[in-house]
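Structure data (mmCIF, C-alpha atoms and all ligand atoms) from work-v6.cif:
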data_data
#
loop_
_atom_site.label_atom_id
_atom_site.label_comp_id
_atom_site.auth_asym_id
_atom_site.auth_seq_id
_atom_site.Cartn_x
_atom_site.Cartn_y
_atom_site.Cartn_z
CA MET B 1 54.76 34.24 -17.83
CA GLU B 2 56.68 36.85 -19.77
CA LYS B 3 54.76 38.99 -22.21
CA LEU B 4 53.94 37.52 -25.62
CA ILE B 5 56.12 38.47 -28.55
CA ILE B 6 54.17 38.36 -31.79
CA THR B 7 56.29 38.15 -34.93
CA ALA B 8 54.68 39.19 -38.18
CA ALA B 9 56.05 37.34 -41.23
CA VAL B 10 54.56 39.75 -43.71
CA VAL B 11 55.54 38.52 -47.19
CA GLY B 12 57.73 35.39 -47.47
CA ALA B 13 59.25 34.10 -50.68
CA GLU B 14 56.78 31.63 -52.11
CA LEU B 15 53.48 33.46 -52.54
CA THR B 16 52.26 35.49 -55.50
CA ARG B 17 49.45 37.97 -56.04
CA GLU B 18 47.57 35.09 -57.64
CA ASP B 19 47.50 33.41 -54.25
CA THR B 20 46.28 36.55 -52.48
CA PRO B 21 45.80 40.13 -53.63
CA TYR B 22 46.81 41.29 -50.13
CA LEU B 23 50.45 40.25 -50.55
CA PRO B 24 52.84 43.23 -50.27
CA LEU B 25 55.57 43.24 -52.92
CA THR B 26 57.26 46.64 -53.21
CA PRO B 27 59.38 48.05 -50.36
CA GLU B 28 56.63 50.61 -49.70
CA GLU B 29 53.94 47.94 -49.57
CA ILE B 30 56.05 45.69 -47.33
CA ALA B 31 56.74 48.62 -44.97
CA GLY B 32 53.04 49.48 -44.92
CA GLU B 33 52.13 45.92 -43.97
CA ALA B 34 54.85 45.93 -41.30
CA ARG B 35 53.44 49.16 -39.84
CA ARG B 36 49.88 47.83 -39.75
CA ALA B 37 51.09 44.58 -38.17
CA CYS B 38 52.96 46.58 -35.50
CA GLU B 39 49.97 48.76 -34.79
CA ALA B 40 48.00 45.54 -34.32
CA GLY B 41 50.51 44.23 -31.74
CA ALA B 42 53.50 42.68 -33.52
CA SER B 43 56.85 43.53 -31.95
CA VAL B 44 59.09 41.66 -34.41
CA VAL B 45 58.83 41.71 -38.21
CA HIS B 46 60.33 38.88 -40.25
CA LEU B 47 61.19 40.30 -43.65
CA HIS B 48 61.75 38.88 -47.11
CA ALA B 49 62.32 40.99 -50.22
CA ARG B 50 60.90 41.00 -53.73
CA ASP B 51 62.38 42.43 -56.92
CA ALA B 52 60.63 44.80 -59.32
CA GLU B 53 58.79 41.84 -60.87
CA GLY B 54 57.65 40.59 -57.47
CA ARG B 55 60.04 37.64 -57.45
CA PRO B 56 61.96 36.71 -54.27
CA THR B 57 65.36 38.35 -54.00
CA GLN B 58 68.01 38.58 -51.31
CA ASP B 59 69.57 41.68 -52.88
CA ARG B 60 71.19 43.77 -50.17
CA GLU B 61 70.03 47.06 -51.67
CA VAL B 62 66.40 45.97 -51.93
CA TYR B 63 66.57 44.88 -48.30
CA ARG B 64 68.19 48.20 -47.39
CA GLU B 65 65.24 50.06 -48.83
CA ILE B 66 62.74 47.81 -47.07
CA VAL B 67 64.55 47.97 -43.72
CA ASN B 68 64.86 51.78 -43.89
CA ARG B 69 61.19 52.18 -44.71
CA VAL B 70 60.11 49.77 -41.97
CA ARG B 71 62.31 51.63 -39.44
CA GLU B 72 60.63 54.92 -40.42
CA ARG B 73 57.20 53.48 -39.81
CA CYS B 74 57.46 51.28 -36.73
CA GLU B 75 59.69 50.37 -33.81
CA ALA B 76 59.51 46.61 -34.19
CA VAL B 77 62.61 44.45 -34.02
CA ILE B 78 63.71 43.86 -37.60
CA GLN B 79 64.54 40.30 -38.51
CA VAL B 80 65.76 39.65 -42.06
CA SER B 81 65.52 36.27 -43.73
CA THR B 82 68.62 34.35 -44.69
CA GLY B 83 66.42 31.52 -45.95
CA GLY B 84 65.38 33.42 -49.02
CA ALA B 85 63.83 31.00 -51.48
CA VAL B 86 64.63 27.37 -52.24
CA GLY B 87 67.49 27.18 -54.76
CA MET B 88 69.27 30.42 -53.84
CA SER B 89 73.01 30.26 -53.17
CA ALA B 90 74.55 30.87 -49.75
CA GLU B 91 76.18 34.11 -50.97
CA GLU B 92 72.86 35.37 -52.22
CA ARG B 93 71.04 34.48 -49.01
CA LEU B 94 73.57 36.08 -46.66
CA GLN B 95 73.44 39.59 -48.13
CA PRO B 96 70.90 41.24 -45.77
CA VAL B 97 73.02 40.34 -42.71
CA GLU B 98 75.51 42.99 -43.87
CA LEU B 99 72.87 45.63 -43.04
CA GLN B 100 73.32 44.72 -39.37
CA PRO B 101 69.66 44.22 -38.51
CA GLU B 102 68.97 43.21 -34.91
CA MET B 103 68.03 39.68 -35.96
CA ALA B 104 68.22 37.26 -38.87
CA SER B 105 66.81 33.80 -39.42
CA LEU B 106 69.26 30.88 -39.43
CA THR B 107 67.83 27.53 -40.47
CA ALA B 108 69.45 24.67 -38.58
CA GLY B 109 69.53 21.97 -41.23
CA THR B 110 68.37 20.70 -44.59
CA VAL B 111 64.73 19.78 -45.10
CA ASN B 112 62.29 18.83 -47.82
CA PHE B 113 60.20 21.90 -48.60
CA GLY B 114 57.18 20.91 -50.67
CA ASP B 115 58.59 19.71 -53.99
CA GLY B 116 61.97 21.33 -53.31
CA VAL B 117 64.84 20.86 -50.89
CA PHE B 118 65.78 23.73 -48.56
CA LEU B 119 69.54 23.23 -48.36
CA ASN B 120 71.31 24.13 -45.13
CA PRO B 121 74.32 21.83 -44.79
CA ARG B 122 76.72 22.22 -41.89
CA ASP B 123 79.24 24.42 -43.73
CA LEU B 124 76.47 26.85 -44.68
CA MET B 125 75.15 27.00 -41.11
CA VAL B 126 78.66 27.66 -39.81
CA ARG B 127 79.21 30.42 -42.35
CA PHE B 128 75.87 32.07 -41.61
CA ALA B 129 76.43 31.89 -37.84
CA GLU B 130 79.91 33.39 -38.21
CA ALA B 131 78.57 36.23 -40.35
CA MET B 132 75.84 36.97 -37.80
CA LYS B 133 78.37 36.96 -35.00
CA ALA B 134 80.64 39.33 -36.96
CA HIS B 135 77.77 41.75 -37.62
CA ASN B 136 76.30 41.52 -34.11
CA VAL B 137 73.04 40.03 -35.41
CA LYS B 138 71.04 37.69 -33.16
CA PRO B 139 70.06 34.49 -34.96
CA GLU B 140 66.54 33.16 -34.80
CA LEU B 141 67.19 29.43 -35.14
CA GLU B 142 64.57 28.11 -37.53
CA ILE B 143 63.56 24.54 -36.70
CA PHE B 144 61.59 22.77 -39.44
CA ASP B 145 62.30 19.24 -38.24
CA ALA B 146 63.12 17.67 -34.87
CA GLY B 147 66.74 16.81 -35.75
CA MET B 148 67.47 20.47 -36.36
CA VAL B 149 67.53 21.15 -32.61
CA ALA B 150 70.65 18.95 -32.38
CA ASN B 151 72.27 20.98 -35.19
CA ALA B 152 71.49 24.22 -33.36
CA LEU B 153 72.98 22.87 -30.13
CA TRP B 154 76.07 21.78 -32.10
CA LEU B 155 76.47 25.39 -33.27
CA GLU B 156 76.21 26.50 -29.65
CA LYS B 157 78.80 23.91 -28.55
CA LYS B 158 81.20 25.25 -31.20
CA GLY B 159 80.70 28.79 -29.87
CA LEU B 160 79.08 29.93 -33.11
CA VAL B 161 75.79 30.95 -31.52
CA ALA B 162 75.63 32.33 -28.00
CA PRO B 163 73.04 31.63 -25.33
CA PRO B 164 70.35 32.55 -24.58
CA LEU B 165 69.26 31.05 -27.89
CA HIS B 166 66.05 31.99 -29.64
CA PHE B 167 64.24 29.33 -31.65
CA ASP B 168 61.34 29.45 -34.09
CA PHE B 169 59.57 26.13 -34.60
CA VAL B 170 58.11 26.14 -38.11
CA LEU B 171 55.53 23.36 -38.10
CA GLY B 172 53.46 22.04 -40.97
CA VAL B 173 55.66 22.63 -44.04
CA PRO B 174 54.93 19.75 -46.45
CA GLY B 175 57.90 17.39 -46.11
CA ALA B 176 58.87 18.62 -42.63
CA LEU B 177 57.61 18.16 -39.06
CA PRO B 178 53.79 18.32 -38.90
CA ALA B 179 52.06 20.89 -36.71
CA GLY B 180 50.56 19.63 -33.47
CA VAL B 181 50.78 20.14 -29.74
CA LYS B 182 52.69 16.88 -29.21
CA ASN B 183 55.46 17.91 -31.64
CA LEU B 184 55.53 21.43 -30.25
CA LEU B 185 55.87 20.15 -26.69
CA HIS B 186 58.69 17.81 -27.71
CA LEU B 187 60.60 20.71 -29.32
CA ALA B 188 59.99 23.11 -26.44
CA GLU B 189 61.32 20.48 -24.02
CA SER B 190 64.37 19.76 -26.22
CA ILE B 191 65.97 23.20 -26.04
CA PRO B 192 68.05 24.68 -23.21
CA SER B 193 65.91 26.14 -20.42
CA SER B 194 67.50 29.57 -20.89
CA SER B 195 66.14 29.73 -24.47
CA THR B 196 63.15 31.59 -25.81
CA TRP B 197 60.99 30.14 -28.58
CA SER B 198 58.18 30.98 -30.92
CA VAL B 199 56.07 28.80 -33.17
CA ALA B 200 54.97 29.39 -36.75
CA GLY B 201 52.16 27.03 -37.73
CA ILE B 202 51.73 26.75 -41.49
CA GLY B 203 48.33 27.27 -43.11
CA ARG B 204 45.36 26.30 -40.97
CA HIS B 205 47.74 25.42 -38.14
CA GLN B 206 48.76 29.04 -37.60
CA LEU B 207 46.07 29.96 -35.08
CA PRO B 208 46.07 26.71 -33.04
CA MET B 209 49.87 26.74 -32.76
CA ALA B 210 49.84 30.41 -31.71
CA ALA B 211 47.18 29.64 -29.10
CA ALA B 212 49.28 26.72 -27.81
CA ALA B 213 52.30 29.03 -27.53
CA VAL B 214 50.26 31.54 -25.55
CA LEU B 215 49.39 28.80 -23.05
CA MET B 216 52.85 27.20 -22.96
CA GLY B 217 54.83 30.40 -22.36
CA GLY B 218 56.31 30.55 -25.86
CA HIS B 219 55.88 33.25 -28.46
CA ALA B 220 53.93 33.30 -31.71
CA ARG B 221 54.63 34.01 -35.35
CA VAL B 222 51.76 34.78 -37.68
CA GLY B 223 51.42 36.48 -41.07
CA LEU B 224 50.88 35.90 -44.74
CA GLU B 225 54.24 34.16 -45.26
CA ASP B 226 52.86 31.17 -43.38
CA ASN B 227 49.10 31.47 -43.91
CA ILE B 228 46.95 33.56 -46.25
CA PHE B 229 43.54 32.60 -44.81
CA TYR B 230 41.67 34.19 -41.95
CA ARG B 231 39.37 31.15 -41.82
CA ALA B 232 38.58 28.34 -44.25
CA GLY B 233 37.78 29.86 -47.64
CA GLU B 234 38.29 33.47 -46.51
CA LEU B 235 41.52 35.28 -47.31
CA SER B 236 43.01 37.45 -44.58
CA ARG B 237 42.89 41.10 -45.62
CA GLY B 238 46.57 41.56 -44.95
CA ASN B 239 48.73 40.68 -41.95
CA ALA B 240 47.08 42.87 -39.32
CA PRO B 241 43.90 40.77 -38.90
CA LEU B 242 46.05 37.71 -38.14
CA VAL B 243 48.02 39.66 -35.52
CA GLU B 244 44.89 41.22 -34.00
CA ARG B 245 43.31 37.82 -33.53
CA VAL B 246 46.30 36.45 -31.59
CA VAL B 247 46.28 39.60 -29.44
CA ARG B 248 42.63 38.91 -28.58
CA VAL B 249 43.27 35.23 -27.83
CA ALA B 250 46.26 36.07 -25.63
CA ARG B 251 44.39 38.71 -23.66
CA GLU B 252 41.46 36.36 -23.10
CA LEU B 253 43.94 33.83 -21.70
CA GLY B 254 45.58 36.39 -19.44
CA ARG B 255 48.82 36.89 -21.40
CA GLU B 256 49.89 40.47 -22.08
CA ILE B 257 51.45 41.55 -25.35
CA ALA B 258 55.08 42.68 -25.52
CA ALA B 259 55.73 46.12 -26.98
CA PRO B 260 58.87 46.42 -29.15
CA ALA B 261 61.03 47.61 -26.22
CA GLU B 262 59.82 44.67 -24.12
CA ALA B 263 60.51 42.26 -26.99
CA ARG B 264 64.07 43.64 -27.19
CA SER B 265 64.56 43.02 -23.51
CA ILE B 266 63.15 39.45 -23.69
CA LEU B 267 65.26 38.60 -26.76
CA GLY B 268 68.35 40.42 -25.57
CA VAL B 269 68.73 42.58 -28.67
CA GLY B 270 69.02 46.32 -29.28
N1 LIG B 301 61.40 30.48 -47.97
C1 LIG B 301 61.88 29.32 -47.30
C2 LIG B 301 62.59 28.42 -48.26
C3 LIG B 301 63.65 31.92 -43.53
O1 LIG B 301 63.06 32.96 -43.78
O2 LIG B 301 64.74 31.87 -43.01
C4 LIG B 301 62.78 29.64 -46.17
C5 LIG B 301 62.32 30.61 -45.18
C6 LIG B 301 63.04 30.58 -43.88
O3 LIG B 301 61.42 31.40 -45.39
ZN ZN B 302 60.95 33.48 -43.93
#

Would you mind writing the structure in this file as structure tokens?
Amino acid sequence: MEKLIITAAVVGAELTREDTPYLPLTPEEIAGEARRACEAGASVVHLHARDAEGRPTQDREVYREIVNRVRERCEAVIQVSTGGAVGMSAEERLQPVELQPEMASLTAGTVNFGDGVFLNPRDLMVRFAEAMKAHNVKPELEIFDAGMVANALWLEKKGLVAPPLHFDFVLGVPGALPAGVKNLLHLAESIPSSSTWSVAGIGRHQLPMAAAAVLMGGHARVGLEDNIFYRAGELSRGNAPLVERVVRVARELGREIAAPAEARSILGVG
């Protein structure tokens, strides 16, 4: 099996300091969390941005500051979010792609997202894929529901995303596909064999889904964006403990961890 790429999703858009005091908010705090996650074994960082009040923002200049600071502190592949937060416009969400990061998320369809609706109609997907192509940014196709795989393959058929594709199966969002090995296996078997994939289990599903990925030959995403607890009732003291634990699990199961240069080679970026 190829080495394991661990993606650290260090902040996200939904959480507040009331949820966990370990949430990074300023560019400096986000870069610090990225560095600690990389030192722990992450080779990709999935980034969101927050404004001066700690609210989610897709502002290009805030992302620029975050991306520059992360680049100064670690060698991980930088992946910006184009999901942003529920309710943001397409224009707003697309801004960080202009910074030409190596990767950006691209959600392959609309889905219920808790009480909200995460809107990704076909015209938005096309526009995002075209922008990524124009800026030489590799999409990470975010799959929240099984039907989204068909949307991603439609984008490929139209020449808007190029193989080998990289997917991230986000399992366990309320309103979307539940986390579980059966669903994960179905998704992993639904994508072209040349693809790479990772899984992001939400909440208490983060560790079991990462462990399943280690065994199945996929890759794993962990971090506070998806899960703030280290174990039931105990907050994780930042992102690094969540990364360190997957490193330990992988090594116990005989899977080595990809360094950033190895992650670039597996993902075909950089
Ligand atoms: N915050 C969610 C609505 C992404 O980063 O592309 C969307 C999200 C996915 O986090
Ligand atoms: Zn995200």

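Residue nearest ligand ZN 302 (chain B) within the list B:Gly12, B:Gly159, B:Pro27, B:Gly54: B:Gly12 [criterion: smallest interatomic distance, all atoms listed in the file].
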
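Considering all atoms listed in the file, every residue of the polymer chains approaching ligand LIG 301 (chain B) to 7 Å or closer is listed here: Gly12, Ala13, Glu14, His48, Ser81, Thr82, Gly83, Gly84, Ala85, Val86, Ser105, Leu106, Thr107, Phe113, Phe118 and Glu142 of chain B.
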
What's the 10 Å shell around Gly172 in chain B, counting all atoms listed in the file, without same-chain residues fewer than 5 positions away, as a PyMOL selection string?
chain B and resi 144-145+177-180+200-206+226

For Ala37 in chain B, list every protein, DNA or RNA residue within 7 Å, evaluated using only C-alpha atoms, and leave out those in the same chain fewer than 4 positions away; present the list as a PyMOL selection string.
chain B and resi 8+33+41-42+239-240+243

Determine, counting all atoms listed in the file, which protein, DNA and RNA residues have an atom within 12 Å of an atom of Ala90 in chain B; residues of the same chain fewer than 6 positions away are not included. Present the result as a PDB file with C-alpha atoms, in the frame of the given file.
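The resulting selection.pdb:
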ATOM      1  CA  GLN B  58      68.010  38.580 -51.310  1.00  0.00           C
ATOM      2  CA  THR B  82      68.620  34.350 -44.690  1.00  0.00           C
ATOM      3  CA  GLY B  83      66.420  31.520 -45.950  1.00  0.00           C
ATOM      4  CA  GLY B  84      65.380  33.420 -49.020  1.00  0.00           C
ATOM      5  CA  PRO B  96      70.900  41.240 -45.770  1.00  0.00           C
ATOM      6  CA  VAL B  97      73.020  40.340 -42.710  1.00  0.00           C
ATOM      7  CA  LEU B 106      69.260  30.880 -39.430  1.00  0.00           C
ATOM      8  CA  THR B 107      67.830  27.530 -40.470  1.00  0.00           C
ATOM      9  CA  PHE B 118      65.780  23.730 -48.560  1.00  0.00           C
ATOM     10  CA  LEU B 119      69.540  23.230 -48.360  1.00  0.00           C
ATOM     11  CA  ASN B 120      71.310  24.130 -45.130  1.00  0.00           C
ATOM     12  CA  PRO B 121      74.320  21.830 -44.790  1.00  0.00           C
ATOM     13  CA  ARG B 122      76.720  22.220 -41.890  1.00  0.00           C
ATOM     14  CA  ASP B 123      79.240  24.420 -43.730  1.00  0.00           C
ATOM     15  CA  LEU B 124      76.470  26.850 -44.680  1.00  0.00           C
ATOM     16  CA  MET B 125      75.150  27.000 -41.110  1.00  0.00           C
ATOM     17  CA  VAL B 126      78.660  27.660 -39.810  1.00  0.00           C
ATOM     18  CA  ARG B 127      79.210  30.420 -42.350  1.00  0.00           C
ATOM     19  CA  PHE B 128      75.870  32.070 -41.610  1.00  0.00           C
ATOM     20  CA  ALA B 131      78.570  36.230 -40.350  1.00  0.00           C
TER      21      ALA B 131
END

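Note that CA of Pro101 in chain B and CA of Pro24 in chain B are 20.5 Å apart.
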
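Closest approach to ligand ZN 302 (chain B) from the set B:Glu102, B:Ala162, B:Leu184, B:Ala9 is made by B:Ala9, with distances taken over all atoms listed in the file.
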
Extract, using all atoms listed in the file, all DNA, RNA and protein residues at most 9 Å from Glu256 in chain B, discarding same-chain residues fewer than 2 positions from it, and format them as a PDB file with C-alpha atoms, keeping the file's coordinate frame.
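What follows is the written file around_25.pdb:
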ATOM      1  CA  MET B   1      54.760  34.240 -17.830  1.00  0.00           C
ATOM      2  CA  GLU B   2      56.680  36.850 -19.770  1.00  0.00           C
ATOM      3  CA  LYS B   3      54.760  38.990 -22.210  1.00  0.00           C
ATOM      4  CA  LEU B   4      53.940  37.520 -25.620  1.00  0.00           C
ATOM      5  CA  VAL B 247      46.280  39.600 -29.440  1.00  0.00           C
ATOM      6  CA  ALA B 250      46.260  36.070 -25.630  1.00  0.00           C
ATOM      7  CA  ARG B 251      44.390  38.710 -23.660  1.00  0.00           C
ATOM      8  CA  LEU B 253      43.940  33.830 -21.700  1.00  0.00           C
ATOM      9  CA  GLY B 254      45.580  36.390 -19.440  1.00  0.00           C
ATOM     10  CA  ALA B 258      55.080  42.680 -25.520  1.00  0.00           C
TER      11      ALA B 258
END

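The closest residue to Arg237 in chain B, picked from B:Arg69, B:Leu15, B:Leu23, B:Val80 and counting all atoms listed in the file, is B:Leu23.
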
List every protein, DNA or RNA residue that has an atom no more than 12 Å from (58.7, 42.7, -24.0) in the file's coordinate frame, counting all atoms listed in the file, and report them as a PyMOL selection string.
chain B and resi 1-6+41-44+76-77+219+255-269

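Our summary of the geometry notes that CA of Val67 in chain B is positioned 20.0 Å from CA of Tyr22 in chain B.
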
Return the single residue from B:Ser190, B:Thr26, B:Thr16, B:Gln79 that is closest to ligand ZN 302 (chain B), with distances computed using all atoms listed in the file.
B:Gln79

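What separates CA of Val62 in chain B from CA of Glu75 in chain B is a distance of 19.8 Å.
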
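Compared by their closest atoms to ligand ZN 302 (chain B), and using only C-alpha atoms and all ligand atoms, the residues B:Gly233, B:Pro21, B:Pro174, B:Gly223 rank with B:Gly223 nearest.
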